[in-house]
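**Student:** Contents of protein-v4.txt (compact mmCIF, C-alpha atoms) are given next:
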# COMPACT_ATOMS: atom_id res chain seq x y z
CA GLY A 1 -171.75 137.15 115.10
CA ALA A 2 -174.07 140.18 115.30
CA VAL A 3 -177.26 138.29 116.04
CA VAL A 4 -180.46 140.00 117.12
CA SER A 5 -183.37 138.00 118.43
CA GLN A 6 -186.99 138.95 118.95
CA HIS A 7 -189.64 137.36 121.08
CA PRO A 8 -192.31 136.39 120.42
CA SER A 9 -192.15 135.70 116.69
CA TRP A 10 -195.91 136.01 116.46
CA VAL A 11 -198.68 136.93 118.85
CA ILE A 12 -202.45 137.19 118.71
CA CYS A 13 -204.17 139.35 121.28
CA LYS A 14 -207.60 140.74 121.91
CA SER A 15 -208.46 144.36 121.36
CA GLY A 16 -207.76 146.46 124.45
CA THR A 17 -204.98 144.29 125.83
CA SER A 18 -201.25 145.05 125.91
CA VAL A 19 -198.47 143.14 124.27
CA LYS A 20 -194.74 143.24 125.00
CA ILE A 21 -192.12 142.45 122.39
CA GLU A 22 -188.50 141.85 123.35
CA CYS A 23 -185.46 142.58 121.23
CA ARG A 24 -182.08 141.23 122.28
CA SER A 25 -178.59 141.56 120.87
CA LEU A 26 -177.09 138.16 121.58
CA ASP A 27 -173.40 138.65 120.96
CA PHE A 28 -172.75 142.35 121.02
CA GLN A 29 -173.58 145.43 122.99
CA ALA A 30 -176.12 147.69 121.35
CA THR A 31 -176.04 151.27 122.44
CA THR A 32 -178.76 152.14 119.95
CA MET A 33 -181.82 150.13 119.02
CA PHE A 34 -184.51 150.95 116.50
CA TRP A 35 -188.11 149.83 116.28
CA TYR A 36 -189.85 149.61 112.92
CA ARG A 37 -193.37 148.77 111.84
CA GLN A 38 -194.09 147.24 108.47
CA PHE A 39 -197.57 146.89 107.03
CA PRO A 40 -198.18 144.38 104.22
CA LYS A 41 -196.49 145.32 100.95
CA GLN A 42 -195.06 148.48 102.47
CA SER A 43 -191.67 149.69 103.55
CA LEU A 44 -190.22 149.72 107.03
CA MET A 45 -191.33 152.78 108.93
CA LEU A 46 -189.21 153.84 111.86
CA MET A 47 -191.24 154.21 115.03
CA ALA A 48 -188.59 155.16 117.54
CA THR A 49 -184.92 155.15 118.37
CA SER A 50 -183.68 154.25 121.80
CA ASN A 51 -180.35 154.58 123.51
CA GLU A 52 -179.46 152.48 126.52
CA GLY A 53 -180.46 154.18 129.71
CA SER A 54 -182.29 157.09 128.13
CA LYS A 55 -185.76 157.82 126.86
CA ALA A 56 -186.69 156.80 123.35
CA THR A 57 -187.03 159.33 120.56
CA TYR A 58 -190.29 158.81 118.72
CA GLU A 59 -190.95 159.63 115.10
CA GLN A 60 -193.64 162.09 114.21
CA GLY A 61 -197.07 160.55 114.39
CA VAL A 62 -196.09 157.70 116.71
CA GLU A 63 -197.88 157.85 120.05
CA LYS A 64 -195.32 157.44 122.78
CA ASP A 65 -197.98 156.61 125.37
CA LYS A 66 -199.27 153.80 123.20
CA PHE A 67 -195.94 152.35 122.12
CA LEU A 68 -193.79 152.16 125.24
CA ILE A 69 -190.13 151.54 124.62
CA ASN A 70 -187.63 150.59 127.26
CA HIS A 71 -183.93 150.09 126.61
CA ALA A 72 -182.85 148.97 130.04
CA SER A 73 -179.55 147.37 129.14
CA LEU A 74 -177.02 147.20 126.36
CA THR A 75 -178.57 143.97 125.10
CA LEU A 76 -182.30 144.37 125.63
CA SER A 77 -185.01 146.69 124.39
CA THR A 78 -188.73 146.14 124.76
CA LEU A 79 -191.71 147.53 122.90
CA THR A 80 -195.08 147.41 124.63
CA VAL A 81 -198.16 148.04 122.55
CA THR A 82 -200.73 149.25 125.04
CA SER A 83 -204.48 148.98 124.52
CA ALA A 84 -203.94 147.32 121.19
CA HIS A 85 -206.50 147.73 118.42
CA PRO A 86 -206.91 145.89 115.11
CA GLU A 87 -205.18 148.73 113.25
CA ASP A 88 -202.05 147.99 115.30
CA SER A 89 -201.81 144.62 113.60
CA SER A 90 -198.50 144.68 111.78
CA PHE A 91 -195.01 143.25 111.51
CA TYR A 92 -192.76 144.83 114.14
CA ILE A 93 -189.02 144.62 113.58
CA CYS A 94 -186.23 145.82 115.80
CA SER A 95 -182.65 146.52 114.84
CA ALA A 96 -179.52 147.26 116.79
CA ARG A 97 -176.22 148.97 116.20
CA ASP A 98 -173.07 147.47 117.63
CA ARG A 99 -171.32 150.03 119.80
CA GLY A 100 -168.07 148.95 118.20
CA GLN A 101 -169.25 149.74 114.68
CA VAL A 102 -170.30 152.87 112.95
CA ASP A 103 -173.04 152.29 110.43
CA GLU A 104 -174.46 148.83 109.99
CA GLN A 105 -177.57 147.82 111.88
CA TYR A 106 -178.60 144.26 112.57
CA PHE A 107 -182.24 143.29 112.32
CA GLY A 108 -184.26 140.98 114.48
CA PRO A 109 -186.50 138.39 112.80
CA GLY A 110 -189.63 140.41 113.45
CA THR A 111 -192.83 139.88 115.40
CA ARG A 112 -196.16 139.43 113.68
CA LEU A 113 -198.87 141.04 115.82
CA THR A 114 -202.51 140.31 115.13
CA VAL A 115 -205.13 142.12 117.19
CA THR A 116 -208.59 140.60 117.07
CA GLY B 117 -185.88 165.02 107.38
CA GLU B 118 -184.51 162.60 104.85
CA ASN B 119 -186.75 161.39 102.02
CA VAL B 120 -185.78 158.40 99.90
CA GLU B 121 -187.57 157.60 96.66
CA GLN B 122 -187.19 154.26 94.93
CA HIS B 123 -188.08 153.05 91.45
CA PRO B 124 -189.48 150.89 90.05
CA SER B 125 -191.94 149.47 92.53
CA THR B 126 -192.04 146.17 90.64
CA LEU B 127 -189.57 144.63 88.24
CA SER B 128 -189.76 141.42 86.26
CA VAL B 129 -186.73 140.06 84.44
CA GLN B 130 -185.83 136.85 82.72
CA GLU B 131 -183.34 134.63 84.45
CA GLY B 132 -179.85 135.63 83.43
CA ASP B 133 -180.76 139.22 82.63
CA SER B 134 -179.71 142.22 84.68
CA ALA B 135 -181.87 144.19 87.09
CA VAL B 136 -181.41 147.82 88.06
CA ILE B 137 -183.11 149.61 90.93
CA LYS B 138 -182.71 153.34 91.41
CA CYS B 139 -183.05 155.57 94.45
CA THR B 140 -182.78 159.25 95.17
CA TYR B 141 -182.31 160.95 98.51
CA SER B 142 -182.89 164.48 99.70
CA ASP B 143 -180.53 165.11 102.60
CA SER B 144 -177.06 166.07 101.42
CA ALA B 145 -175.74 165.09 104.86
CA SER B 146 -176.54 161.43 104.23
CA ASN B 147 -173.35 159.48 103.75
CA TYR B 148 -174.22 155.83 104.24
CA PHE B 149 -176.40 153.92 101.76
CA PRO B 150 -177.26 150.29 102.48
CA TRP B 151 -179.35 147.98 100.34
CA TYR B 152 -181.53 145.27 101.84
CA LYS B 153 -183.21 142.17 100.49
CA GLN B 154 -186.35 141.05 102.25
CA GLU B 155 -188.17 137.82 101.65
CA LEU B 156 -191.79 137.48 102.67
CA GLY B 157 -192.19 137.43 106.43
CA LYS B 158 -188.46 137.64 107.05
CA ARG B 159 -186.07 140.26 108.33
CA PRO B 160 -184.27 142.60 105.90
CA GLN B 161 -180.82 141.32 104.98
CA LEU B 162 -178.01 143.68 104.12
CA ILE B 163 -176.70 142.75 100.69
CA ILE B 164 -174.35 145.63 99.99
CA ASP B 165 -173.67 149.13 101.23
CA ILE B 166 -171.72 152.15 100.07
CA ARG B 167 -170.35 155.21 101.77
CA SER B 168 -170.24 158.65 100.25
CA ASN B 169 -166.51 158.65 99.75
CA VAL B 170 -166.87 155.84 97.22
CA GLY B 171 -168.56 156.00 93.82
CA GLU B 172 -169.00 152.31 93.15
CA LYS B 173 -168.78 149.04 94.99
CA LYS B 174 -169.12 145.51 93.70
CA ASP B 175 -169.63 142.14 95.34
CA GLN B 176 -169.89 139.26 92.88
CA ARG B 177 -173.15 139.75 90.94
CA ILE B 178 -174.21 142.81 92.91
CA ALA B 179 -172.94 146.34 92.44
CA VAL B 180 -173.98 149.72 93.76
CA THR B 181 -173.19 153.11 92.29
CA LEU B 182 -173.49 156.46 94.00
CA ASN B 183 -173.71 159.92 92.49
CA LYS B 184 -173.41 162.25 95.42
CA THR B 185 -173.85 165.39 93.35
CA ALA B 186 -177.14 164.22 91.92
CA LYS B 187 -178.13 162.49 95.17
CA HIS B 188 -178.94 159.19 93.59
CA PHE B 189 -177.69 155.65 93.92
CA SER B 190 -178.49 152.44 92.14
CA LEU B 191 -178.36 148.69 92.67
CA HIS B 192 -177.30 146.48 89.81
CA ILE B 193 -177.81 142.73 89.85
CA THR B 194 -176.29 140.80 86.98
CA GLU B 195 -177.00 137.24 85.83
CA THR B 196 -180.19 137.17 87.89
CA GLN B 197 -181.36 133.90 89.35
CA PRO B 198 -184.80 132.83 90.64
CA GLU B 199 -183.52 133.04 94.21
CA ASP B 200 -182.93 136.75 93.69
CA SER B 201 -186.71 137.19 93.69
CA ALA B 202 -187.59 139.29 96.75
CA VAL B 203 -188.32 142.85 97.79
CA TYR B 204 -185.32 145.15 97.76
CA PHE B 205 -185.06 148.32 99.81
CA CYS B 206 -182.57 151.11 99.49
CA ALA B 207 -181.86 153.30 102.49
CA ALA B 208 -179.93 156.36 103.49
CA SER B 209 -178.52 157.66 106.73
CA THR B 210 -175.82 159.79 108.22
CA SER B 211 -172.94 157.97 109.77
CA GLY B 212 -172.93 157.43 113.49
CA GLY B 213 -174.51 155.30 116.18
CA TYR B 214 -177.61 157.36 116.84
CA GLN B 215 -178.41 158.29 113.28
CA LYS B 216 -181.60 156.77 111.94
CA VAL B 217 -181.96 155.04 108.62
CA THR B 218 -184.63 156.10 106.15
CA PHE B 219 -185.88 153.38 103.84
CA GLY B 220 -187.08 153.64 100.27
CA THR B 221 -190.48 152.32 99.30
CA GLY B 222 -189.19 149.00 98.02
CA THR B 223 -188.94 147.15 94.72
CA LYS B 224 -190.47 143.75 94.22
CA LEU B 225 -188.15 141.84 91.93
CA GLN B 226 -189.40 138.78 90.14
CA VAL B 227 -186.92 136.65 88.22
CA ILE B 228 -188.70 134.45 85.72
CA PRO B 229 -187.03 131.07 85.11
Could you express the structure from this file as structure tokens?

**Tutor:**
Amino acid sequence: GAVVSQHPSWVICKSGTSVKIECRSLDFQATTMFWYRQFPKQSLMLMATSNEGSKATYEQGVEKDKFLINHASLTLSTLTVTSAHPEDSSFYICSARDRGQVDEQYFGPGTRLTVT
Amino acid sequence: GENVEQHPSTLSVQEGDSAVIKCTYSDSASNYFPWYKQELGKRPQLIIDIRSNVGEKKDQRIAVTLNKTAKHFSLHITETQPEDSAVYFCAASTSGGYQKVTFGTGTKLQVIP
């Protein structure tokens, strides 16, 4: 149980285009989902936290107009990187908390984004 | 906000030896401390966690200790094996569904056969 999927697993896009990444909780309802970005050899940096049906809370320094997050249902959150640039190339990982549990979060497999 | 420091950044041990990774946190309200193992290009995997009402927790070769007064916690891996080689992250958060998790900077563990 407690499986989180992400799609796509990797994507290459051209500079200036937008990319959408999906995060799904497959066997539980996730009231809270988190989006992280991880650059090579670095830690996971939280970008934003989203609750189902409400606007995402962005961390300081993360542009909310560039990284659009939608948490439309209890099993799906999407991250759209708008007008992507090479510096947005990174490993994007989502995680979700089961509404029936208190602390543990379950991670998706990540999406490798390369902007050329 | 919470700040989590982690040491060392790299650690090499001989197979069979023990490995210790240490973390400190700044927010006294933090009460949940998970540890993750991440292999290259993969998702972080929870290997053990501890809550602030417990001082130590053990699961086979892995143990975690927590000193709430000093705001530090440590991961201990005994009888290390080559498959333990990975990057390990400590983290801290307050309990509850909306509370975010702050990660440490990571420790790259290499177990030499």

**Student:** Need the neighbours of (-207.2, 141.7, 124.6): which residues are at most 8 Å away, counting all atoms listed in the file, as a list of chain:residue names?

**Tutor:** A:Cys13, A:Lys14, A:Ser15, A:Gly16, A:Thr17, A:Ser18, A:Ser83, A:Ala84, A:Val115, A:Thr116

**Student:** Just C-alpha atoms for this one: save the residues we selected as a PDB file, in the coordinates of the input.

**Tutor:**
ATOM      1  CA  CYS A  13    -204.170 139.350 121.280  1.00  0.00           C
ATOM      2  CA  LYS A  14    -207.600 140.740 121.910  1.00  0.00           C
ATOM      3  CA  SER A  15    -208.460 144.360 121.360  1.00  0.00           C
ATOM      4  CA  GLY A  16    -207.760 146.460 124.450  1.00  0.00           C
ATOM      5  CA  THR A  17    -204.980 144.290 125.830  1.00  0.00           C
ATOM      6  CA  SER A  18    -201.250 145.050 125.910  1.00  0.00           C
ATOM      7  CA  SER A  83    -204.480 148.980 124.520  1.00  0.00           C
ATOM      8  CA  ALA A  84    -203.940 147.320 121.190  1.00  0.00           C
ATOM      9  CA  VAL A 115    -205.130 142.120 117.190  1.00  0.00           C
ATOM     10  CA  THR A 116    -208.590 140.600 117.070  1.00  0.00           C
TER      11      THR A 116
END

**Student:** Pick from B:Leu182, B:Ile163, B:Val227, B:Ile193: nearest to chain A, with all atoms listed in the file counted?

**Tutor:** B:Ile163

**Student:** Can you build me a table of chain A residues sitting at most 7 Å from chain B, with the closest atom pair per residue and its distance in Å to one decimal, using all atoms listed in the file, sorted by chain and residue number, as a Markdown table?

**Tutor:**
| residue | atom | partner | partner_atom | distance |
| --- | --- | --- | --- | --- |
| A:Thr32 | CA | B:Tyr214 | CA | 6.2 |
| A:Gln42 | CA | B:Thr221 | CA | 6.8 |
| A:Ser43 | CA | B:Thr221 | CA | 5.1 |
| A:Leu44 | CA | B:Phe219 | CA | 6.5 |
| A:Arg97 | CA | B:Gly213 | CA | 6.6 |
| A:Val102 | CA | B:Gly212 | CA | 5.3 |
| A:Asp103 | CA | B:Ser211 | CA | 5.7 |
| A:Phe107 | CA | B:Arg159 | CA | 6.3 |
| A:Gly108 | CA | B:Arg159 | CA | 6.5 |
| A:Pro109 | CA | B:Arg159 | CA | 4.9 |
| A:Gly110 | CA | B:Arg159 | CA | 6.2 |

**Student:** I'd like the contact shell of region 33-35 of chain A - 7 Å cut-off, all atoms listed in the file, skipping same-chain residues fewer than 2 positions apart - returned as a PyMOL selection string.

**Tutor:** chain A and resi 30-31+37+46-51+93-97

**Student:** What does the distance from CA of Ala202 (chain B) to CA of Ser134 (chain B) come to in Å, to one decimal?

**Tutor:** 14.7 Å

**Student:** Just checking: using only C-alpha atoms, which residue out of A:Tyr92, A:Glu87, A:Asn70, A:Tyr106 ends up closest to Leu26 (chain A)?

**Tutor:**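 Of A:Tyr92, A:Glu87, A:Asn70, A:Tyr106, the one nearest Leu26 (chain A), counting only C-alpha atoms, is A:Tyr106.
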
**Student:** Would you pick out the contacts of region 174-180 of chain B at 12 Å or less, using only C-alpha atoms, so that residues sharing its chain but fewer than 5 positions from it are not included, and give the list as a PyMOL selection string?

**Tutor:** chain B and resi 132-139+149-153+162-168+188-197+200+206

**Student:** Any idea what's packed within 6 Å of Thr140 (chain B), counting all atoms listed in the file, ignoring anything in its chain fewer than 2 positions away? Could you give it as a PDB file with C-alpha atoms, in the coordinates of the input?

**Tutor:**
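Saved as around17.pdb:
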ATOM      1  CA  VAL B 120    -185.780 158.400  99.900  1.00  0.00           C
ATOM      2  CA  GLU B 121    -187.570 157.600  96.660  1.00  0.00           C
ATOM      3  CA  LYS B 187    -178.130 162.490  95.170  1.00  0.00           C
ATOM      4  CA  HIS B 188    -178.940 159.190  93.590  1.00  0.00           C
TER       5      HIS B 188
END

**Student:** What's the separation between CA of Leu225 (chain B) and CA of Gln122 (chain B), in Å to one decimal place?

**Tutor:**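 These two atoms are separated by 12.8 Å.
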
**Student:** So, counting all atoms listed in the file, which residue among A:Arg112, A:Phe39, A:Met45, A:Lys20 is closest to Asn119 (chain B)?

**Tutor:** A:Met45

**Student:** Of the residues A:Trp10, A:Cys23, A:Lys55, A:Ser5, which is the one nearest to Leu79 (chain A), using only C-alpha atoms?

**Tutor:** A:Cys23

**Student:** Hey, can I get the axis-aligned box for region 28-45 of chain A? All listed atoms, 4 Å padding on each side, centre and edge lengths in Å to one decimal, as lines of an AutoDock Vina configuration file.

**Tutor:**
center_x = -185.5
center_y = 147.6
center_z = 112.0
size_x = 33.4
size_y = 18.4
size_z = 30.0

**Student:** In terms of the shortest atom-to-atom distance over all atoms listed in the file, which of B:Gln226, B:Gly171, B:Val129, B:Glu155 is closest to Thr185 (chain B)?

**Tutor:**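 Counting all atoms listed in the file, the residue closest to Thr185 (chain B) is B:Gly171.
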
**Student:** Looking at A:Thr114, A:Arg24, A:Asp98, A:Gln6, which one is nearest to Ala72 (chain A), with distances taken over only C-alpha atoms?

**Tutor:**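 Counting only C-alpha atoms, the residue closest to Ala72 (chain A) is A:Arg24.
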
**Student:** CA of Ser146 (chain B) and CA of Ala208 (chain B) are how many Å apart?

**Tutor:**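 Straight-line distance from CA of Ser146 (chain B) to CA of Ala208 (chain B) works out to 6.1 Å.
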